[in-house]
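Structure file my_file_16.cif; described as mmCIF, C-alpha atoms and all ligand atoms.
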```cif
data_work
#
loop_
_atom_site.group_PDB
_atom_site.id
_atom_site.type_symbol
_atom_site.label_atom_id
_atom_site.label_comp_id
_atom_site.auth_asym_id
_atom_site.auth_seq_id
_atom_site.Cartn_x
_atom_site.Cartn_y
_atom_site.Cartn_z
ATOM 1 C CA MET T 1 31.608 -35.575 30.582
ATOM 2 C CA ILE T 2 29.051 -37.905 29.021
ATOM 3 C CA SER T 3 26.178 -36.301 30.884
ATOM 4 C CA ILE T 4 27.191 -32.856 29.580
ATOM 5 C CA LYS T 5 27.230 -34.128 26.000
ATOM 6 C CA ARG T 6 23.801 -35.674 26.412
ATOM 7 C CA ARG T 7 22.434 -32.377 27.645
ATOM 8 C CA ALA T 8 24.213 -30.316 25.011
ATOM 9 C CA LEU T 9 22.708 -32.089 22.006
ATOM 10 C CA PRO T 10 19.040 -31.561 22.860
ATOM 11 C CA LEU T 11 19.896 -27.965 23.781
ATOM 12 C CA ALA T 12 21.461 -27.391 20.360
ATOM 13 C CA ALA T 13 18.412 -28.917 18.717
ATOM 14 C CA ALA T 14 16.145 -26.704 20.791
ATOM 15 C CA VAL T 15 18.136 -23.593 19.824
ATOM 16 C CA MET T 16 17.939 -24.507 16.144
ATOM 17 C CA LEU T 17 14.204 -25.092 16.452
ATOM 18 C CA ALA T 18 13.731 -21.770 18.257
ATOM 19 C CA LEU T 19 15.688 -19.982 15.532
ATOM 20 C CA SER T 20 13.819 -21.622 12.692
ATOM 21 C CA LEU T 21 10.286 -21.217 14.059
ATOM 22 C CA PRO T 22 10.099 -17.395 14.073
ATOM 23 C CA ALA T 23 11.508 -17.305 10.531
ATOM 24 C CA TYR T 24 8.794 -19.659 9.366
ATOM 25 C CA ALA T 25 6.108 -17.660 11.180
ATOM 26 C CA GLY T 26 7.468 -14.498 9.561
ATOM 27 C CA ASP T 27 7.182 -16.003 6.096
ATOM 28 C CA ALA T 28 3.652 -17.202 6.702
ATOM 29 C CA GLY T 29 2.485 -13.995 8.370
ATOM 30 C CA PRO T 30 2.477 -11.310 5.642
ATOM 31 C CA SER T 31 0.964 -13.461 2.888
ATOM 32 C CA PRO T 32 -2.687 -13.224 4.007
ATOM 33 C CA GLN T 33 -2.331 -9.420 4.331
ATOM 34 C CA VAL T 34 -0.997 -9.124 0.774
ATOM 35 C CA ALA T 35 -3.912 -11.209 -0.465
ATOM 36 C CA ALA T 36 -6.344 -9.019 1.456
ATOM 37 C CA VAL T 37 -5.482 -5.759 -0.340
ATOM 38 C CA GLN T 38 -8.561 -3.553 -0.333
ATOM 39 C CA PRO T 39 -10.283 -3.263 -3.701
ATOM 40 C CA ASN T 40 -10.665 0.229 -5.132
ATOM 41 C CA THR T 41 -7.682 1.419 -3.142
ATOM 42 C CA VAL T 42 -4.657 3.123 -4.637
ATOM 43 C CA THR T 43 -1.562 2.900 -2.491
ATOM 44 C CA ILE T 44 0.920 5.734 -2.612
ATOM 45 C CA ASP T 45 4.360 4.303 -1.997
ATOM 46 C CA ASN T 46 7.888 5.154 -3.069
ATOM 47 C CA PHE T 47 6.710 8.225 -5.029
ATOM 48 C CA ALA T 48 4.231 6.255 -7.136
ATOM 49 C CA PHE T 49 0.530 5.437 -7.298
ATOM 50 C CA ALA T 50 -0.134 1.698 -7.276
ATOM 51 C CA PRO T 51 -1.914 0.561 -9.296
ATOM 52 C CA SER T 52 -1.251 3.489 -11.614
ATOM 53 C CA ILE T 53 -4.348 2.580 -13.627
ATOM 54 C CA LEU T 54 -7.473 1.490 -11.768
ATOM 55 C CA THR T 55 -10.729 0.529 -13.473
ATOM 56 C CA VAL T 56 -13.908 0.801 -11.407
ATOM 57 C CA ALA T 57 -17.668 0.799 -11.935
ATOM 58 C CA PRO T 58 -19.641 4.066 -11.799
ATOM 59 C CA GLY T 59 -20.473 5.068 -8.240
ATOM 60 C CA THR T 60 -17.321 3.518 -6.813
ATOM 61 C CA LYS T 61 -15.544 5.257 -3.993
ATOM 62 C CA VAL T 62 -11.808 5.137 -4.608
ATOM 63 C CA THR T 63 -9.503 5.579 -1.641
ATOM 64 C CA TRP T 64 -5.882 6.628 -1.832
ATOM 65 C CA ASN T 65 -3.710 5.524 1.063
ATOM 66 C CA ASN T 66 -0.370 7.251 1.510
ATOM 67 C CA LYS T 67 2.198 4.726 2.746
ATOM 68 C CA ASP T 68 5.122 7.008 1.942
ATOM 69 C CA GLU T 69 7.239 9.013 4.340
ATOM 70 C CA GLU T 70 6.507 12.087 2.227
ATOM 71 C CA PRO T 71 3.243 13.997 1.885
ATOM 72 C CA HIS T 72 1.557 13.589 -1.506
ATOM 73 C CA THR T 73 -1.615 14.989 -2.983
ATOM 74 C CA VAL T 74 -4.230 13.417 -5.221
ATOM 75 C CA THR T 75 -5.154 16.148 -7.697
ATOM 76 C CA SER T 76 -7.345 15.734 -10.763
ATOM 77 C CA ALA T 77 -5.645 16.675 -14.022
ATOM 78 C CA ASP T 78 -8.139 19.490 -14.613
ATOM 79 C CA GLY T 79 -6.163 21.499 -12.099
ATOM 80 C CA GLY T 80 -7.892 20.026 -9.088
ATOM 81 C CA GLN T 81 -11.394 21.229 -10.016
ATOM 82 C CA MET T 82 -12.925 17.753 -9.848
ATOM 83 C CA PHE T 83 -11.004 16.597 -6.799
ATOM 84 C CA LYS T 84 -7.979 17.708 -4.861
ATOM 85 C CA SER T 85 -6.830 16.206 -1.622
ATOM 86 C CA PRO T 86 -4.930 18.039 1.048
ATOM 87 C CA ALA T 87 -1.379 16.706 1.360
ATOM 88 C CA PRO T 88 -2.050 13.405 3.114
ATOM 89 C CA ASP T 89 0.842 12.490 5.331
ATOM 90 C CA THR T 90 1.981 8.962 6.130
ATOM 91 C CA ASN T 91 -0.980 6.572 6.457
ATOM 92 C CA ASP T 92 -3.505 9.310 5.695
ATOM 93 C CA LYS T 93 -6.311 8.485 3.297
ATOM 94 C CA PHE T 94 -8.291 10.440 0.727
ATOM 95 C CA SER T 95 -11.434 9.227 -0.991
ATOM 96 C CA PHE T 96 -13.441 10.340 -4.000
ATOM 97 C CA THR T 97 -16.541 8.764 -5.522
ATOM 98 C CA PHE T 98 -16.559 8.501 -9.311
ATOM 99 C CA ASP T 99 -20.189 8.680 -10.452
ATOM 100 C CA LYS T 100 -19.835 9.201 -14.209
ATOM 101 C CA PRO T 101 -18.116 6.928 -16.719
ATOM 102 C CA GLY T 102 -14.943 8.391 -18.117
ATOM 103 C CA THR T 103 -11.175 8.464 -17.911
ATOM 104 C CA TYR T 104 -9.814 10.561 -15.095
ATOM 105 C CA LYS T 105 -6.167 11.509 -14.932
ATOM 106 C CA TYR T 106 -4.693 12.737 -11.703
ATOM 107 C CA PHE T 107 -1.291 13.626 -10.332
ATOM 108 C CA CYS T 108 0.547 14.677 -7.204
ATOM 109 C CA SER T 109 0.727 18.468 -7.122
ATOM 110 C CA ILE T 110 3.948 18.296 -5.097
ATOM 111 C CA HIS T 111 5.702 15.812 -7.402
ATOM 112 C CA SER T 112 4.182 16.340 -10.848
ATOM 113 C CA HIS T 113 5.904 13.239 -12.283
ATOM 114 C CA MET T 114 3.601 11.141 -10.099
ATOM 115 C CA THR T 115 0.552 10.421 -12.250
ATOM 116 C CA GLY T 116 -2.321 7.954 -12.194
ATOM 117 C CA LEU T 117 -5.483 7.108 -14.054
ATOM 118 C CA ILE T 118 -8.956 6.091 -12.924
ATOM 119 C CA ILE T 119 -11.112 4.516 -15.614
ATOM 120 C CA VAL T 120 -14.832 4.484 -14.795
ATOM 121 C CA LYS T 121 -16.984 2.243 -16.962
HETATM 122 CU CU CU I 201 3.961 13.497 -4.191
#
```
Can I see the file as structure tokens?
Amino acid sequence: MISIKRRALPLAAAVMLALSLPAYAGDAGPSPQVAAVQPNTVTIDNFAFAPSILTVAPGTKVTWNNKDEEPHTVTSADGGQMFKSPAPDTNDKFSFTFDKPGTYKYFCSIHSHMTGLIIVK
């Protein structure tokens, strides 16, 4: 009986350690990725552009990255004359280079309540 107890305690400790280690690794894992968010990138997620307002310097290429399950478009508010993406599906990207200073509104032509703003200055 004593030998079983002696074996059971280290085993329990090992199980607790094994359970706690992956949880710690999981907490530490995503943080560097969050910190490494690409500049000049607008993420489309949960039916919203994030950030909804992005300020960039003239000549900057802005990339939209659709992380949503739904297709969304990136359409300039002038009816898509300046830029209009196809409907990028999940993880698709669309880029446009803003050469001239100004304030550029855009929206999703599928979900018109989704709007964003690029400020070039
Ligand atoms: Cu949309």
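The coordinates place atom CA of Asn66 of chain T at 22.0 Å from atom CA of Val120 of chain T.
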Select the residues contacting ligand CU 201 (chain I) at a distance of at most 12 Å, based on all atoms listed in the file, then format the selection as a ChimeraX atom specification. /T:44-49,66-75,85-90,106-116
Quick one: of T:Lys121, T:Lys93, T:Asn40, T:Lys84, who's nearest to Ser52 of chain T, counting all atoms listed in the file?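 So, comparing all the options, the nearest one is T:Asn40.
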Set the distance at 10 Å and use all atoms listed in the file: which residues neighbour Thr63 of chain T once local chain neighbours fewer than 4 positions away are removed? I'd like the list as a VMD selection string. chain T and resid 38 to 43 93 to 97
Can you write out the residues you just picked, keeping C-alpha atoms, as a PDB file, in the frame of the given file?
```
ATOM      1  CA  GLN T  38      -8.561  -3.553  -0.333  1.00  0.00           C
ATOM      2  CA  PRO T  39     -10.283  -3.263  -3.701  1.00  0.00           C
ATOM      3  CA  ASN T  40     -10.665   0.229  -5.132  1.00  0.00           C
ATOM      4  CA  THR T  41      -7.682   1.419  -3.142  1.00  0.00           C
ATOM      5  CA  VAL T  42      -4.657   3.123  -4.637  1.00  0.00           C
ATOM      6  CA  THR T  43      -1.562   2.900  -2.491  1.00  0.00           C
ATOM      7  CA  LYS T  93      -6.311   8.485   3.297  1.00  0.00           C
ATOM      8  CA  PHE T  94      -8.291  10.440   0.727  1.00  0.00           C
ATOM      9  CA  SER T  95     -11.434   9.227  -0.991  1.00  0.00           C
ATOM     10  CA  PHE T  96     -13.441  10.340  -4.000  1.00  0.00           C
ATOM     11  CA  THR T  97     -16.541   8.764  -5.522  1.00  0.00           C
TER      12      THR T  97
END
```
Which is closer to Gly59 of chain T than all the others in T:Phe83, T:Lys100, T:Asn91, T:Ile118, using all atoms listed in the file?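 Of all the options, T:Lys100 lies closest to Gly59 of chain T.
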Report, as AutoDock Vina command-line options, the axis-aligned box around all atoms of segment 37-51 of chain T present in the file, extended by 5 Å on each side; give centre and edge lengths in Å to one decimal place.
```
--center_x -1.4 --center_y 1.2 --center_z -4.8 --size_x 28.6 --size_y 24.0 --size_z 19.0
```
How many Å separate atom CA of Ala77 of chain T from atom CA of Asp92 of chain T?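 Atom-to-atom, atom CA of Ala77 of chain T to atom CA of Asp92 of chain T, that is 21.2 Å.
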Work out how far apart atom CA of Pro51 of chain T and atom CA of Met82 of chain T are and give it in Å to one decimal.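 Between atom CA of Pro51 of chain T and atom CA of Met82 of chain T the gap is 20.4 Å.
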Take the PyMOL selection byres (((chain T and resi 60) around 8) and not hetatm), run it mentally on this structure, and tell me the resulting residues as a VMD selection string. chain T and resid 40 56 to 59 61 to 62 97 to 99
Identify which of the residues T:Ile119, T:Trp64, T:Tyr104, T:Ile53 lies closest to Gly79 of chain T, counting only C-alpha atoms when measuring atom-to-atom distances.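 Closest candidate: T:Tyr104.
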